[in-house]
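Written below as structure tokens is the structure these notes are about.
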Amino acid sequence: MAVTLGEEIMLLSLDDDSGAAKDRQSAGWAVAGGILLDLVMAGRVSVDDGRVRVTDQAPTGVALLDGRLEQLASWAGRRRRPPKVTEWLTKDHSKAVTATVESLRERGLVAEEQHKVLGLFPVKRYPEADGTAERELRERLAAVVLEGSDPDDRTAGLVALIHSAKLHRIAFPGVPRKKLSARMSAVSEGQWAGESLRKAIRDMQAAMVAVTVATAAAAAG
């Protein structure tokens, strides 16, 4: 089974050695956004005019996606109108991260370790156990963003999520953002998919920008 978009973003965020998450909050939003985008591409969800609709509740066969789809369908079904993408991301992002890390652990891509902060507070860390998937991911991103290769739909969607959540540093460590932004914008806005999927990407990007800006403002306040 292929690694999902949410899992790919989580792999980029987790430090290989310590297992700590880098850019934790922004990465969390992007993980939830990646799961939602995978559901769009699987034909289970549509995103249009900033709102998300469940169009097909049939399982995808991917446990991570099916768990979030079930939760989304249940929550959205109790509302009078389709919820905004930002509302779902705000509600689900922490649960999506937990589910995604557990999926990576079950796949054997990360290990779970227990640590104590200040010798008192238990925390979990997820160092790399099998780096094959992350190496392939980083090679694919480098080929598209740094070398100019044409992306497939999923890679272009991943680039769009990384760009809108400002996760350039974890995706391309050591490369200045100004050297990445123009190409990542071009990939995000390119004619690489059908119009409905491009519209979904645009709405997802707008939602990612909105939630990350709001989070930064709250932290600064």
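Quick note on naming: the chains in the structure tokens go A, B, ... in the order shown, residues restart at 1 in each chain, and ligands are numbered from 1 in order of appearance.
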Q | Backbone-only DSSP, strand (DSSP E or B) members of segment 19-94 of chain A, as number ranges by chain | A | A: 21, 45-48, 51-54, 84
With N, CA and C atoms retained, could you export that selection as a CSV table (one decimal), in the first residue's frame?
```csv
chain,number,residue,atom,x,y,z
A,21,ALA,N,8.9,16.0,16.5
A,21,ALA,CA,8.3,16.7,15.3
A,21,ALA,C,8.8,18.1,15.2
A,45,VAL,N,-14.6,12.5,-1.2
A,45,VAL,CA,-14.9,13.8,-0.7
A,45,VAL,C,-14.7,14.8,-1.8
A,46,SER,N,-15.5,15.9,-1.8
A,46,SER,CA,-15.3,17.0,-2.7
A,46,SER,C,-15.0,18.3,-1.9
A,47,VAL,N,-14.2,19.2,-2.4
A,47,VAL,CA,-13.9,20.5,-1.8
A,47,VAL,C,-14.2,21.5,-2.8
A,48,ASP,N,-15.1,22.4,-2.5
A,48,ASP,CA,-15.5,23.5,-3.4
A,48,ASP,C,-16.0,24.7,-2.7
A,51,ARG,N,-15.8,24.7,1.1
A,51,ARG,CA,-16.5,23.8,1.9
A,51,ARG,C,-16.3,22.3,1.5
A,52,VAL,N,-16.4,21.4,2.5
A,52,VAL,CA,-16.1,20.0,2.2
A,52,VAL,C,-17.4,19.2,2.3
A,53,ARG,N,-17.6,18.3,1.3
A,53,ARG,CA,-18.7,17.4,1.3
A,53,ARG,C,-18.3,16.0,1.1
A,54,VAL,N,-18.9,15.1,1.8
A,54,VAL,CA,-18.7,13.7,1.7
A,54,VAL,C,-19.6,13.2,0.5
A,84,LYS,N,-17.1,24.3,6.5
A,84,LYS,CA,-15.9,24.9,5.8
A,84,LYS,C,-14.7,24.0,6.0
```
Q | Closest of A:Ile162, A:Ala27, A:Val144, A:Ala42 to Ser94 of chain A - atom-to-atom distances counting only C-alpha atoms | A |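 Using only C-alpha atoms, Ser94 of chain A sits closest to A:Ala27.
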Q: Would you mind listing what lies within 12 Å of segment 58-63 of chain A as a PyMOL selection string, with only C-alpha atoms counted and same-chain residues fewer than 5 positions away left out?
A: chain A and resi 1-4+7+35+38-45+68-70+73+99-100+102-104+106-107
(Q) For Trp75 of chain A, find every residue with an atom within 10 Å (counting only C-alpha atoms), except residues of its own chain fewer than 6 positions away, and show them as a PyMOL selection string. (A) chain A and resi 69+83+88+91
Atoms to include: all heavy atoms. Write the selected residues as a compact mmCIF listing (two decimals), in the first residue's frame.
```
# COMPACT_ATOMS: atom_id res chain seq x y z
N LEU A 69 -12.45 9.45 7.17
CA LEU A 69 -13.67 9.59 6.38
C LEU A 69 -14.90 9.31 7.25
O LEU A 69 -15.90 10.03 7.18
CB LEU A 69 -13.64 8.63 5.19
CG LEU A 69 -14.89 8.57 4.31
CD1 LEU A 69 -15.17 9.92 3.66
CD2 LEU A 69 -14.74 7.48 3.24
N PRO A 83 -19.70 21.82 6.00
CA PRO A 83 -18.78 22.64 6.79
C PRO A 83 -17.65 23.23 5.95
O PRO A 83 -17.31 22.72 4.87
CB PRO A 83 -18.22 21.65 7.81
CG PRO A 83 -18.31 20.33 7.12
CD PRO A 83 -19.55 20.39 6.29
N TRP A 88 -13.19 21.85 9.54
CA TRP A 88 -12.81 20.45 9.68
C TRP A 88 -11.34 20.33 10.07
O TRP A 88 -10.99 19.54 10.95
CB TRP A 88 -13.08 19.68 8.40
CG TRP A 88 -12.53 18.28 8.45
CD1 TRP A 88 -11.54 17.77 7.68
CD2 TRP A 88 -12.94 17.23 9.33
NE1 TRP A 88 -11.29 16.47 8.03
CE2 TRP A 88 -12.14 16.11 9.04
CE3 TRP A 88 -13.90 17.14 10.34
CZ2 TRP A 88 -12.27 14.91 9.72
CZ3 TRP A 88 -14.03 15.93 11.04
CH2 TRP A 88 -13.22 14.83 10.71
N LYS A 91 -10.96 21.11 13.72
CA LYS A 91 -11.49 20.06 14.57
C LYS A 91 -10.61 18.81 14.57
O LYS A 91 -10.40 18.19 15.62
CB LYS A 91 -12.91 19.69 14.11
CG LYS A 91 -13.52 18.51 14.86
CD LYS A 91 -14.92 18.21 14.37
CE LYS A 91 -15.47 16.96 15.05
NZ LYS A 91 -15.46 17.06 16.54
```
Q) Which of segment 57-160 of chain A counts as helix (DSSP H, G or I) under DSSP, as a ChimeraX atom specification please? A) /A:63-77,85-107,132-146,153-160
Q) Interatomic distance between atom CA of Pro151 of chain A and atom CA of Arg202 of chain A? A) 16.8 Å
Q. Any idea what's packed within 7 Å of segment 165-174 of chain A, counting only C-alpha atoms, ignoring anything in its chain fewer than 3 positions away? Could you give it as a PyMOL selection string?
A. chain A and resi 12-13+26+30+161-162+177+208-209+212
Q. What's the 7 Å shell around Asp130 of chain A, counting only C-alpha atoms, without same-chain residues fewer than 4 positions away, as a list in words?
A.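 So the residues in contact are Gly108, Leu109 and Val110 of chain A.
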Q. Atom CA of Ser164 of chain A and atom CA of Val145 of chain A, how far apart in Å?
A.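 Computing it gives 14.6 Å between the two atoms.
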Q.
I'd like to know which of A:Gly6, A:Gly19, A:Gly190, A:Gly148 is closest to Val123 of chain A, using only C-alpha atoms.
A.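 Checking each of A:Gly6, A:Gly19, A:Gly190, A:Gly148 against Val123 of chain A, counting only C-alpha atoms, the winner is A:Gly19.
Residue nearest Leu72 of chain A, chosen from A:Ala32, A:Val101, A:Leu137, A:Met204 and counting only C-alpha atoms: A:Ala32.
Our summary of the geometry notes that atom CA of Ala160 of chain A is positioned 12.2 Å from atom CA of Leu197 of chain A.
Each of A:Lys178, A:His115, A:Arg154, A:Lys199 was compared to Ala20 of chain A using only C-alpha atoms, and A:His115 turns out to be the nearest.
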